[in-house]
Each structure stands twice: as C-alpha cells, then as structure tokens.
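Participant: What follows is my_file.cif, made up of mmCIF, C-alpha atoms and all ligand atoms:
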data_model
#
loop_
_atom_site.group_PDB
_atom_site.id
_atom_site.type_symbol
_atom_site.label_atom_id
_atom_site.label_comp_id
_atom_site.auth_asym_id
_atom_site.auth_seq_id
_atom_site.Cartn_x
_atom_site.Cartn_y
_atom_site.Cartn_z
ATOM 1 C CA MET E 13 75.146 0.528 -34.066
ATOM 2 C CA ASN E 14 74.683 2.040 -30.594
ATOM 3 C CA LEU E 15 71.277 3.767 -30.403
ATOM 4 C CA CYS E 16 72.236 5.286 -27.051
ATOM 5 C CA ASP E 17 75.274 7.048 -28.502
ATOM 6 C CA PRO E 18 74.243 10.659 -29.252
ATOM 7 C CA LYS E 19 76.721 10.815 -32.163
ATOM 8 C CA CYS E 20 75.218 7.706 -33.745
ATOM 9 C CA VAL E 21 71.632 8.982 -33.296
ATOM 10 C CA ARG E 22 72.551 12.374 -34.803
ATOM 11 C CA GLU E 23 74.166 10.648 -37.788
ATOM 12 C CA LEU E 24 71.159 8.393 -38.324
ATOM 13 C CA MET E 25 68.799 11.373 -38.185
ATOM 14 C CA SER E 26 70.919 13.225 -40.721
ATOM 15 C CA VAL E 27 71.273 10.222 -43.100
ATOM 16 C CA PHE E 28 67.466 9.868 -43.091
ATOM 17 C CA GLY E 29 67.061 13.636 -43.579
ATOM 18 C CA LEU E 30 65.337 14.150 -40.211
ATOM 19 C CA THR E 31 65.399 16.781 -37.484
ATOM 20 C CA PHE E 32 64.194 16.386 -33.882
ATOM 21 C CA ARG E 33 60.551 17.489 -33.899
ATOM 22 C CA LYS E 34 59.898 19.553 -30.779
ATOM 23 C CA GLU E 35 56.143 19.572 -31.356
ATOM 24 C CA TRP E 36 56.119 15.784 -30.934
ATOM 25 C CA GLY E 37 58.300 15.791 -27.824
ATOM 26 C CA GLN E 38 61.231 14.130 -29.570
ATOM 27 C CA ASN E 39 63.800 13.898 -26.788
ATOM 28 C CA PHE E 40 65.453 10.540 -27.320
ATOM 29 C CA LEU E 41 66.885 8.688 -24.324
ATOM 30 C CA THR E 42 70.639 8.081 -24.673
ATOM 31 C CA ASP E 43 71.424 6.364 -21.360
ATOM 32 C CA SER E 44 71.774 2.653 -22.080
ATOM 33 C CA GLY E 45 71.360 1.720 -18.399
ATOM 34 C CA ALA E 46 68.099 3.649 -18.115
ATOM 35 C CA VAL E 47 66.776 2.202 -21.399
ATOM 36 C CA ALA E 48 67.504 -1.340 -20.173
ATOM 37 C CA SER E 49 65.934 -0.652 -16.756
ATOM 38 C CA ILE E 50 62.707 0.700 -18.272
ATOM 39 C CA ALA E 51 62.437 -2.328 -20.551
ATOM 40 C CA GLU E 52 63.081 -4.638 -17.598
ATOM 41 C CA SER E 53 60.617 -2.832 -15.295
ATOM 42 C CA CYS E 54 57.581 -3.489 -17.457
ATOM 43 C CA GLY E 55 58.104 -7.251 -17.263
ATOM 44 C CA ALA E 56 56.969 -7.810 -13.686
ATOM 45 C CA ASN E 57 53.934 -9.868 -14.671
ATOM 46 C CA LYS E 58 55.621 -11.559 -17.634
ATOM 47 C CA PRO E 59 53.629 -9.965 -20.461
ATOM 48 C CA ARG E 60 53.818 -11.693 -23.856
ATOM 49 C CA THR E 61 53.283 -8.434 -25.725
ATOM 50 C CA VAL E 62 54.492 -4.917 -24.996
ATOM 51 C CA LEU E 63 52.891 -1.846 -26.534
ATOM 52 C CA GLU E 64 55.454 0.923 -26.944
ATOM 53 C CA ILE E 65 54.147 4.448 -27.476
ATOM 54 C CA GLY E 66 56.548 6.687 -29.421
ATOM 55 C CA ALA E 67 59.382 4.511 -30.773
ATOM 56 C CA GLY E 68 61.633 7.467 -31.667
ATOM 57 C CA ALA E 69 64.942 6.142 -33.013
ATOM 58 C CA GLY E 70 64.233 2.669 -31.623
ATOM 59 C CA ALA E 71 66.570 2.441 -28.594
ATOM 60 C CA LEU E 72 63.836 1.257 -26.194
ATOM 61 C CA THR E 73 62.108 -0.750 -28.934
ATOM 62 C CA ARG E 74 65.225 -2.914 -29.395
ATOM 63 C CA GLU E 75 65.559 -3.530 -25.648
ATOM 64 C CA LEU E 76 61.907 -4.563 -25.502
ATOM 65 C CA ALA E 77 62.307 -6.819 -28.554
ATOM 66 C CA ASN E 78 65.204 -8.586 -26.805
ATOM 67 C CA ARG E 79 63.070 -9.354 -23.761
ATOM 68 C CA TYR E 80 59.481 -9.958 -24.857
ATOM 69 C CA GLU E 81 57.790 -12.175 -27.425
ATOM 70 C CA ASN E 82 56.039 -9.385 -29.319
ATOM 71 C CA VAL E 83 56.415 -5.624 -29.432
ATOM 72 C CA ILE E 84 53.890 -3.305 -31.037
ATOM 73 C CA ALA E 85 55.563 0.085 -31.474
ATOM 74 C CA VAL E 86 53.387 3.074 -32.360
ATOM 75 C CA GLU E 87 55.103 6.188 -33.745
ATOM 76 C CA ILE E 88 53.326 9.305 -35.004
ATOM 77 C CA ASP E 89 56.228 10.635 -37.111
ATOM 78 C CA ARG E 90 56.005 9.189 -40.624
ATOM 79 C CA GLY E 91 59.575 10.402 -41.256
ATOM 80 C CA LEU E 92 60.978 8.102 -38.537
ATOM 81 C CA ILE E 93 59.486 4.926 -40.028
ATOM 82 C CA PRO E 94 62.267 4.250 -42.613
ATOM 83 C CA LEU E 95 64.882 4.876 -39.885
ATOM 84 C CA LEU E 96 63.060 2.517 -37.508
ATOM 85 C CA LYS E 97 62.768 -0.181 -40.203
ATOM 86 C CA TYR E 98 66.521 0.119 -40.722
ATOM 87 C CA VAL E 99 67.551 -0.071 -37.049
ATOM 88 C CA LEU E 100 65.007 -2.805 -36.241
ATOM 89 C CA ASP E 101 65.682 -4.879 -39.361
ATOM 90 C CA ASP E 102 66.786 -7.911 -37.317
ATOM 91 C CA CYS E 103 63.938 -7.643 -34.770
ATOM 92 C CA LYS E 104 61.318 -9.855 -36.393
ATOM 93 C CA ASN E 105 59.049 -9.661 -33.338
ATOM 94 C CA VAL E 106 58.417 -5.903 -33.709
ATOM 95 C CA GLU E 107 55.288 -4.608 -35.431
ATOM 96 C CA LEU E 108 55.725 -0.952 -36.386
ATOM 97 C CA VAL E 109 52.574 1.132 -36.550
ATOM 98 C CA CYS E 110 52.679 4.698 -37.858
ATOM 99 C CA ALA E 111 49.804 6.389 -36.023
ATOM 100 C CA ASP E 112 48.779 8.977 -33.471
ATOM 101 C CA ILE E 113 48.173 6.984 -30.283
ATOM 102 C CA MET E 114 45.353 9.381 -29.360
ATOM 103 C CA LYS E 115 43.480 8.481 -32.551
ATOM 104 C CA THR E 116 44.184 4.757 -32.396
ATOM 105 C CA ASP E 117 41.532 2.211 -31.508
ATOM 106 C CA LEU E 118 43.618 0.365 -28.907
ATOM 107 C CA ARG E 119 41.070 -2.402 -28.470
ATOM 108 C CA SER E 120 41.281 -3.480 -32.103
ATOM 109 C CA LEU E 121 45.038 -2.833 -32.399
ATOM 110 C CA LEU E 122 45.655 -5.140 -29.423
ATOM 111 C CA ALA E 123 42.850 -7.696 -29.914
ATOM 112 C CA GLU E 124 45.159 -10.487 -31.138
ATOM 113 C CA ALA E 125 47.816 -9.652 -28.563
ATOM 114 C CA PHE E 126 45.295 -10.004 -25.716
ATOM 115 C CA GLU E 127 44.180 -13.353 -27.173
ATOM 116 C CA ARG E 128 47.792 -14.552 -27.046
ATOM 117 C CA GLY E 129 48.377 -13.497 -23.405
ATOM 118 C CA GLY E 130 49.245 -10.566 -21.156
ATOM 119 C CA VAL E 131 49.932 -7.105 -22.582
ATOM 120 C CA ALA E 132 51.958 -4.353 -20.893
ATOM 121 C CA VAL E 133 52.570 -0.752 -21.926
ATOM 122 C CA CYS E 134 56.068 0.729 -21.913
ATOM 123 C CA ALA E 135 56.988 4.213 -23.101
ATOM 124 C CA ASN E 136 59.210 7.204 -22.826
ATOM 125 C CA LEU E 137 56.221 9.493 -23.264
ATOM 126 C CA PRO E 138 56.287 12.789 -25.150
ATOM 127 C CA TYR E 139 55.909 15.509 -22.489
ATOM 128 C CA TYR E 140 53.318 17.552 -24.337
ATOM 129 C CA ILE E 141 50.695 14.854 -24.098
ATOM 130 C CA THR E 142 51.557 12.709 -21.052
ATOM 131 C CA THR E 143 48.316 13.079 -19.100
ATOM 132 C CA PRO E 144 45.955 12.612 -22.097
ATOM 133 C CA ILE E 145 47.826 9.426 -23.079
ATOM 134 C CA LEU E 146 47.667 8.040 -19.520
ATOM 135 C CA LEU E 147 43.956 8.859 -19.284
ATOM 136 C CA SER E 148 43.206 7.250 -22.636
ATOM 137 C CA LEU E 149 45.043 4.067 -21.565
ATOM 138 C CA LEU E 150 42.984 3.921 -18.356
ATOM 139 C CA ASP E 151 39.731 4.858 -20.101
ATOM 140 C CA SER E 152 40.253 2.110 -22.698
ATOM 141 C CA ARG E 153 39.451 -0.380 -19.882
ATOM 142 C CA LEU E 154 41.908 -2.802 -21.451
ATOM 143 C CA SER E 155 43.379 -5.128 -18.841
ATOM 144 C CA PHE E 156 47.050 -4.229 -19.222
ATOM 145 C CA GLU E 157 49.402 -6.067 -16.887
ATOM 146 C CA SER E 158 51.060 -2.745 -16.122
ATOM 147 C CA ILE E 159 51.810 0.669 -17.590
ATOM 148 C CA THR E 160 55.475 1.723 -17.305
ATOM 149 C CA VAL E 161 56.196 5.261 -18.414
ATOM 150 C CA MET E 162 58.971 7.798 -18.262
ATOM 151 C CA ILE E 163 57.399 11.175 -17.585
ATOM 152 C CA GLN E 164 58.268 14.618 -16.308
ATOM 153 C CA SER E 165 59.239 14.317 -12.616
ATOM 154 C CA GLU E 166 56.587 16.870 -11.539
ATOM 155 C CA VAL E 167 53.863 14.757 -13.154
ATOM 156 C CA ALA E 168 55.256 11.624 -11.477
ATOM 157 C CA ASP E 169 55.016 13.419 -8.105
ATOM 158 C CA ARG E 170 51.349 14.110 -8.823
ATOM 159 C CA LEU E 171 50.596 10.495 -9.687
ATOM 160 C CA VAL E 172 51.939 9.153 -6.391
ATOM 161 C CA ALA E 173 50.916 12.040 -4.073
ATOM 162 C CA ALA E 174 49.078 11.345 -0.810
ATOM 163 C CA PRO E 175 45.709 13.029 -0.074
ATOM 164 C CA GLY E 176 46.110 16.420 1.580
ATOM 165 C CA THR E 177 49.528 17.150 0.033
ATOM 166 C CA PRO E 178 49.999 19.951 -2.545
ATOM 167 C CA ASP E 179 50.667 17.543 -5.447
ATOM 168 C CA TYR E 180 47.470 15.564 -4.861
ATOM 169 C CA GLY E 181 44.802 16.174 -7.489
ATOM 170 C CA SER E 182 42.051 14.651 -9.604
ATOM 171 C CA ILE E 183 44.549 12.595 -11.668
ATOM 172 C CA THR E 184 45.895 11.007 -8.431
ATOM 173 C CA ALA E 185 42.447 10.033 -7.174
ATOM 174 C CA TYR E 186 41.358 8.908 -10.658
ATOM 175 C CA LEU E 187 44.456 6.766 -11.146
ATOM 176 C CA GLY E 188 43.962 5.308 -7.663
ATOM 177 C CA TYR E 189 40.684 3.840 -8.897
ATOM 178 C CA PHE E 190 42.481 1.784 -11.585
ATOM 179 C CA GLY E 191 45.734 0.743 -9.933
ATOM 180 C CA VAL E 192 48.779 1.527 -7.821
ATOM 181 C CA PRO E 193 51.598 3.760 -9.151
ATOM 182 C CA HIS E 194 55.215 3.203 -8.085
ATOM 183 C CA LYS E 195 58.036 5.675 -8.681
ATOM 184 C CA LEU E 196 61.013 3.632 -9.896
ATOM 185 C CA PHE E 197 63.930 5.956 -10.708
ATOM 186 C CA ASN E 198 64.869 9.421 -11.947
ATOM 187 C CA VAL E 199 66.678 10.323 -15.152
ATOM 188 C CA LYS E 200 68.458 13.668 -15.547
ATOM 189 C CA ALA E 201 67.660 15.915 -18.509
ATOM 190 C CA ASP E 202 71.210 15.611 -19.887
ATOM 191 C CA LYS E 203 70.600 11.921 -20.650
ATOM 192 C CA PHE E 204 68.344 12.877 -23.577
ATOM 193 C CA LEU E 205 69.028 14.099 -27.099
ATOM 194 C CA PRO E 206 68.204 16.950 -27.324
ATOM 195 C CA PRO E 207 67.974 17.569 -23.544
ATOM 196 C CA PRO E 208 64.539 18.754 -22.373
ATOM 197 C CA LYS E 209 64.161 21.517 -19.774
ATOM 198 C CA VAL E 210 62.965 19.116 -17.071
ATOM 199 C CA ASP E 211 64.109 15.936 -15.345
ATOM 200 C CA SER E 212 62.206 12.689 -15.768
ATOM 201 C CA THR E 213 60.985 9.850 -13.587
ATOM 202 C CA VAL E 214 59.995 6.320 -14.490
ATOM 203 C CA VAL E 215 56.693 5.221 -12.979
ATOM 204 C CA ARG E 216 55.101 1.787 -13.150
ATOM 205 C CA ILE E 217 51.363 1.566 -12.644
ATOM 206 C CA ASP E 218 50.199 -1.881 -11.586
ATOM 207 C CA LEU E 219 46.578 -2.101 -12.651
ATOM 208 C CA TYR E 220 44.110 -3.903 -10.404
ATOM 209 C CA LYS E 221 42.939 -7.236 -11.798
ATOM 210 C CA GLU E 222 39.893 -6.769 -9.580
ATOM 211 C CA LYS E 223 39.222 -3.217 -8.440
ATOM 212 C CA PRO E 224 38.980 -2.858 -4.655
ATOM 213 C CA TYR E 225 36.515 0.029 -5.099
ATOM 214 C CA LYS E 226 33.005 -0.596 -6.319
ATOM 215 C CA PRO E 227 30.984 2.623 -6.545
ATOM 216 C CA GLN E 228 27.243 2.066 -6.851
ATOM 217 C CA ASN E 229 27.276 4.227 -9.953
ATOM 218 C CA GLU E 230 30.569 4.783 -11.775
ATOM 219 C CA ASP E 231 29.314 7.810 -13.677
ATOM 220 C CA VAL E 232 28.320 9.564 -10.432
ATOM 221 C CA PHE E 233 31.717 8.624 -8.953
ATOM 222 C CA PHE E 234 33.585 10.266 -11.855
ATOM 223 C CA ARG E 235 31.313 13.327 -11.749
ATOM 224 C CA THR E 236 31.910 13.680 -8.004
ATOM 225 C CA LEU E 237 35.676 13.538 -8.535
ATOM 226 C CA ARG E 238 35.582 16.081 -11.354
ATOM 227 C CA ALA E 239 33.371 18.483 -9.404
ATOM 228 C CA ALA E 240 35.510 18.239 -6.242
ATOM 229 C CA PHE E 241 38.693 19.237 -8.086
ATOM 230 C CA ALA E 242 37.230 21.706 -10.591
ATOM 231 C CA GLN E 243 37.117 24.347 -7.859
ATOM 232 C CA ARG E 244 39.888 23.349 -5.479
ATOM 233 C CA ARG E 245 39.713 26.464 -3.316
ATOM 234 C CA LYS E 246 36.070 25.972 -2.429
ATOM 235 C CA THR E 247 34.903 23.779 0.401
ATOM 236 C CA LEU E 248 33.729 20.375 -0.793
ATOM 237 C CA PRO E 249 29.939 21.050 -0.602
ATOM 238 C CA ASN E 250 30.386 24.297 -2.592
ATOM 239 C CA ALA E 251 32.603 22.656 -5.209
ATOM 240 C CA LEU E 252 30.153 19.768 -5.573
ATOM 241 C CA ALA E 253 27.203 22.143 -5.935
ATOM 242 C CA ALA E 254 28.818 23.657 -9.038
ATOM 243 C CA GLY E 255 29.123 20.271 -10.753
ATOM 244 C CA LEU E 256 26.150 18.267 -9.517
ATOM 245 C CA GLY E 257 23.264 20.603 -10.240
ATOM 246 C CA GLU E 258 20.505 18.054 -9.677
ATOM 247 C CA LEU E 259 21.079 18.246 -5.884
ATOM 248 C CA SER E 260 20.833 21.312 -3.651
ATOM 249 C CA LYS E 261 23.793 22.582 -1.654
ATOM 250 C CA THR E 262 22.054 21.455 1.539
ATOM 251 C CA GLN E 263 21.722 17.921 0.183
ATOM 252 C CA LEU E 264 25.372 17.870 -0.908
ATOM 253 C CA CYS E 265 26.445 19.182 2.496
ATOM 254 C CA ASP E 266 24.417 16.357 4.004
ATOM 255 C CA ALA E 267 26.122 13.804 1.750
ATOM 256 C CA VAL E 268 29.545 15.103 2.863
ATOM 257 C CA LEU E 269 28.547 14.886 6.568
ATOM 258 C CA ARG E 270 27.032 11.407 6.156
ATOM 259 C CA SER E 271 30.285 10.219 4.529
ATOM 260 C CA GLY E 272 32.062 11.146 7.752
ATOM 261 C CA PHE E 273 33.647 14.500 6.806
ATOM 262 C CA SER E 274 33.178 17.999 8.140
ATOM 263 C CA ALA E 275 31.355 20.521 5.951
ATOM 264 C CA ASP E 276 34.429 22.733 5.558
ATOM 265 C CA ILE E 277 36.692 19.993 4.203
ATOM 266 C CA ARG E 278 38.233 20.403 0.728
ATOM 267 C CA GLY E 279 38.211 17.686 -1.920
ATOM 268 C CA GLU E 280 41.996 17.398 -1.963
ATOM 269 C CA ARG E 281 41.920 15.675 1.443
ATOM 270 C CA LEU E 282 39.827 12.733 0.224
ATOM 271 C CA SER E 283 41.355 9.445 -0.954
ATOM 272 C CA THR E 284 39.928 7.387 -3.811
ATOM 273 C CA ALA E 285 38.091 5.208 -1.268
ATOM 274 C CA ASP E 286 36.641 8.359 0.392
ATOM 275 C CA PHE E 287 35.355 9.556 -2.995
ATOM 276 C CA VAL E 288 33.666 6.216 -3.592
ATOM 277 C CA ARG E 289 31.880 6.495 -0.222
ATOM 278 C CA LEU E 290 30.833 10.078 -0.908
ATOM 279 C CA SER E 291 29.635 9.280 -4.433
ATOM 280 C CA ASP E 292 27.506 6.433 -3.060
ATOM 281 C CA GLU E 293 25.757 8.913 -0.730
ATOM 282 C CA ILE E 294 25.269 11.308 -3.636
ATOM 283 C CA HIS E 295 23.992 8.536 -5.910
ATOM 284 C CA GLY E 296 21.507 7.482 -3.219
ATOM 285 C CA MET E 297 20.171 11.043 -3.041
ATOM 286 C CA ILE E 298 19.952 11.433 -6.829
ATOM 287 C CA SER E 299 18.067 8.124 -7.107
ATOM 288 C CA ALA E 300 15.658 9.133 -4.324
ATOM 289 C CA SER E 301 14.874 12.594 -5.684
ATOM 290 C CA PRO E 302 11.843 13.040 -7.954
ATOM 291 C CA ASP E 303 12.724 13.779 -11.646
HETATM 292 N N1 LIG I 1 61.176 5.838 -27.371
HETATM 293 C C1 LIG I 1 62.148 6.808 -27.805
HETATM 294 C C2 LIG I 1 63.207 6.968 -26.744
HETATM 295 O O1 LIG I 1 62.983 6.493 -25.609
HETATM 296 O O2 LIG I 1 64.243 7.554 -27.019
HETATM 297 C C3 LIG I 1 61.506 8.160 -28.120
HETATM 298 C C4 LIG I 1 60.811 8.852 -26.995
HETATM 299 S S1 LIG I 1 60.355 10.529 -27.341
HETATM 300 C C5 LIG I 1 60.283 11.216 -25.726
HETATM 301 C C6 LIG I 1 58.613 10.437 -27.712
HETATM 302 C C7 LIG I 1 58.264 9.801 -29.061
HETATM 303 O O3 LIG I 1 56.829 9.782 -29.171
HETATM 304 C C8 LIG I 1 58.759 10.573 -30.281
HETATM 305 O O4 LIG I 1 59.391 9.697 -31.180
HETATM 306 C C9 LIG I 1 57.491 11.180 -30.910
HETATM 307 O O5 LIG I 1 57.559 11.347 -32.285
HETATM 308 C C10 LIG I 1 56.437 10.149 -30.482
HETATM 309 N N2 LIG I 1 55.072 10.696 -30.380
HETATM 310 C C11 LIG I 1 54.708 11.947 -30.027
HETATM 311 N N3 LIG I 1 53.377 12.083 -30.014
HETATM 312 C C12 LIG I 1 52.868 10.859 -30.364
HETATM 313 C C13 LIG I 1 51.537 10.374 -30.550
HETATM 314 N N4 LIG I 1 50.478 11.152 -30.346
HETATM 315 N N5 LIG I 1 51.356 9.086 -30.943
HETATM 316 C C14 LIG I 1 52.460 8.282 -31.149
HETATM 317 N N6 LIG I 1 53.737 8.695 -30.995
HETATM 318 C C15 LIG I 1 53.951 9.967 -30.595
#
For the file at hand, write its structure as structure tokens.
Ligand code: SAM

Facilitator:
Amino acid sequence: MNLCDPKCVRELMSVFGLTFRKEWGQNFLTDSGAVASIAESCGANKPRTVLEIGAGAGALTRELANRYENVIAVEIDRGLIPLLKYVLDDCKNVELVCADIMKTDLRSLLAEAFERGGVAVCANLPYYITTPILLSLLDSRLSFESITVMIQSEVADRLVAAPGTPDYGSITAYLGYFGVPHKLFNVKADKFLPPPKVDSTVVRIDLYKEKPYKPQNEDVFFRTLRAAFAQRRKTLPNALAAGLGELSKTQLCDAVLRSGFSADIRGERLSTADFVRLSDEIHGMISASPD
C-alpha cells in the first residue's frame, strides 16, 4: 500500500466511506520524498517520542513510526480512525488519539513521553488553524526538542521575517522569545490531495533550552508586544498608550526613548530583544507608580 499514491488514498477513502473534509484542512501530502524529509527533519535532537498533529491517511505517521521509538498521532476526524488503524496495523509504536488538538491537555497527554525522554512535534498542519496551534504549543511551555511543521508559505515567511520588513509581526517577535525558526523547503500545491490554493513550506522551530531573553516581568513583556502590534500604523508610544492604560503617553514616550529608540519609531522595527528592553523600562515605571 503506497499512502503517497493519490489513487491508493482515494480508494482507501472510498472503501472507508470518507470524503476529504475541507473544514478540517484535509489536504493530504502525496509526495513521498517530502513526507520522508519532514519526518527526518524533526529528528535533529534525537527525540524518543514524536507528537503528530493531524494524522490524515497516515502517510507521515508511518514515516515517523519507522524512525522514532514512539509516535502519538492526534486526529480530530473520528471517521479517519478506522482507516488509520488499518494502514498503521503493523506500527505497534503508534498511539492514535482521536481529539481536537486545541482542546487537548498536552501536558497530561505527553506526561509519560516526557518522562521517557525528548519529545518533538511534527505535523502537516491544517491551514485553517496554523497560528492558533503554533501558539498553543508555545504557550504550553512544554520543553519540546523542536516543532517541525508544514504550513502555508506566506505564514512561514512571517515566522522567519526580520524586524522592519513587511512580513514581520507580533507572531515573529513572540516566536523569537521561545526559539529560532528555520525554513527548510517548499512544497508545491499539486503535491497534495486535493491540492490547496497555496504553496507550502516546512519550518523547523528549535526551541531554546534556556531562553536568552529574561524580561523582568513576562506579563508586561507580552502586553507590550501585543500593544505595539495592535495598532501597527501608529508610532510606538501611541500604540503602547492604547494597550497599557496604567501609564501616560508621556511616560510611555519616555520608556521608548530610554530604551534607545526615537519617539516616532514603529513597533515593527523592534526585535524580540528590543521588546524585552522596552518592557523592562515599562515594568519599572508601572512598579514605581502609585496604585
Ligand atoms: N498528516 C497528513 C498528511 O500529511 O497527509 C494529513 C495532513 S492534513 C493537512 C491536516 C490533518 O489535520 C487532517 O487529517 C485533519 O483532519 C486534521 N485536523 C484538522 N484540525 C485538527 C485539530 N483541531 N486537531 C487535530 N487534528 C486536526
């Protein structure tokens, strides 16, 4: 059975009475070289367990099962589970979980896996929910070895963008706090069944074991980031004033100047490290101001 052969996948779907569910981003990868490369790419730090998000018809799941000790594959579509059990029958190291990844308690799902050793994430992510899934993986604070994902190329460009470029945004600066993203390779839309409207890129995020940035107050750091990007067209002091109401615009302008920037700078020019410096100034002012 060749899970990268479109004819074979179509037949399997029909035998199991299934159709490709657009609402769940079911575009299955049918390029065997790309499937193997994604599976290989997530192994840089030799994880013992790989969490796959969205198993689909199991093409990537099998490649992962061939390379790593344990695979935990989460799939939202109940209908795909019998098909997956069939195609993965000989892969005894795969645990299939039928669940919505956004409603899954990752910490408890992966508790045993983390006790055994390193855990990496590998997925051909559904387009409709790429950013929320990435954010929930980062927000879980679980110490994944790496997160390797195939995503829409435009989103990949945003993840790796440099400050001051049009693609740079809050997700870039936020991700920069947790790790370093690397663009690995592109995959054309015609390599999927059914083909999506956009091309894809595989990105591996190497998470910091020890973060190089240590804001004095993490909550203030995240609030500063959010405020800076919520109103991109405004100058930084004006954007901050809309999101950090406990300080006056003059104080926020002062914080921007003291961090080494001019008052007319926009948030999109600041790197993650710059935001940490700025948020430390802001935190100092909040702490010093009377309640
Ligand atoms: N891994 C397969 C491949 O590479 O061909 C399928 C990838 S397909 C782009 C995305 C898969 O994620 C689909 O099987 C879809 O049903 C599943 N999915 C969508 N939303 C999900 C969610 N919230 N939680 C878990 N799986 C989800």

Participant: Out of E:Lys226, E:Lys195, E:Lys203, E:Lys58, which residue has the shortest atom-to-atom distance to ligand LIG 1 (chain I) when counting all atoms listed in the file?

Facilitator: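 Closest to ligand LIG 1 (chain I) of all the choices is E:Lys203.
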
Participant: Evaluate the PyMOL selection byres (((chain E and resi 74-86) around 7) and not hetatm) and record the selected residues as a VMD selection string, following the chain and residue labels used in the document.

Facilitator: chain E and resid 48 51 60 to 67 70 to 73 87 to 88 100 103 105 to 111 113

Participant: Residues as selected, C-alpha atoms, written as a compact mmCIF listing (two decimals), in the frame of the given file, can you do that?

Facilitator:
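Saved to selection-v1.txt:
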# COMPACT_ATOMS: atom_id res chain seq x y z
CA ALA E 48 67.50 -1.34 -20.17
CA ALA E 51 62.44 -2.33 -20.55
CA ARG E 60 53.82 -11.69 -23.86
CA THR E 61 53.28 -8.43 -25.72
CA VAL E 62 54.49 -4.92 -25.00
CA LEU E 63 52.89 -1.85 -26.53
CA GLU E 64 55.45 0.92 -26.94
CA ILE E 65 54.15 4.45 -27.48
CA GLY E 66 56.55 6.69 -29.42
CA ALA E 67 59.38 4.51 -30.77
CA GLY E 70 64.23 2.67 -31.62
CA ALA E 71 66.57 2.44 -28.59
CA LEU E 72 63.84 1.26 -26.19
CA THR E 73 62.11 -0.75 -28.93
CA GLU E 87 55.10 6.19 -33.74
CA ILE E 88 53.33 9.30 -35.00
CA LEU E 100 65.01 -2.80 -36.24
CA CYS E 103 63.94 -7.64 -34.77
CA ASN E 105 59.05 -9.66 -33.34
CA VAL E 106 58.42 -5.90 -33.71
CA GLU E 107 55.29 -4.61 -35.43
CA LEU E 108 55.72 -0.95 -36.39
CA VAL E 109 52.57 1.13 -36.55
CA CYS E 110 52.68 4.70 -37.86
CA ALA E 111 49.80 6.39 -36.02
CA ILE E 113 48.17 6.98 -30.28

Participant: Please provide as a PyMOL selection string all residues within 7 Å of range 242-258 of chain E, with the sequence filter that same-chain residues fewer than 2 positions apart are discarded (counting only C-alpha atoms).

Facilitator: chain E and resi 236+238-240+260-261+264-265+268+275-279

Participant: Of the residues E:Arg128, E:Lys19, E:Arg90, E:Arg153, which is the one nearest to ligand LIG 1 (chain I), using all atoms listed in the file?

Facilitator: E:Arg90

Participant: When distances are computed from only C-alpha atoms, which of E:Gly188, E:Pro193, E:Pro208, E:Gly29 shows the smallest separation from Tyr225 in chain E?

Facilitator: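 Looking only at the distances to Tyr225 in chain E, the closest residue turns out to be E:Gly188.
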
Participant: Could you check the closest approach to ligand LIG 1 (chain I) for each of E:Gly181, E:Ser155, E:Pro175, E:Pro207 and tell me which residue wins, using all atoms listed in the file?

Facilitator: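 Selected residue with least distance to ligand LIG 1 (chain I): E:Pro207.
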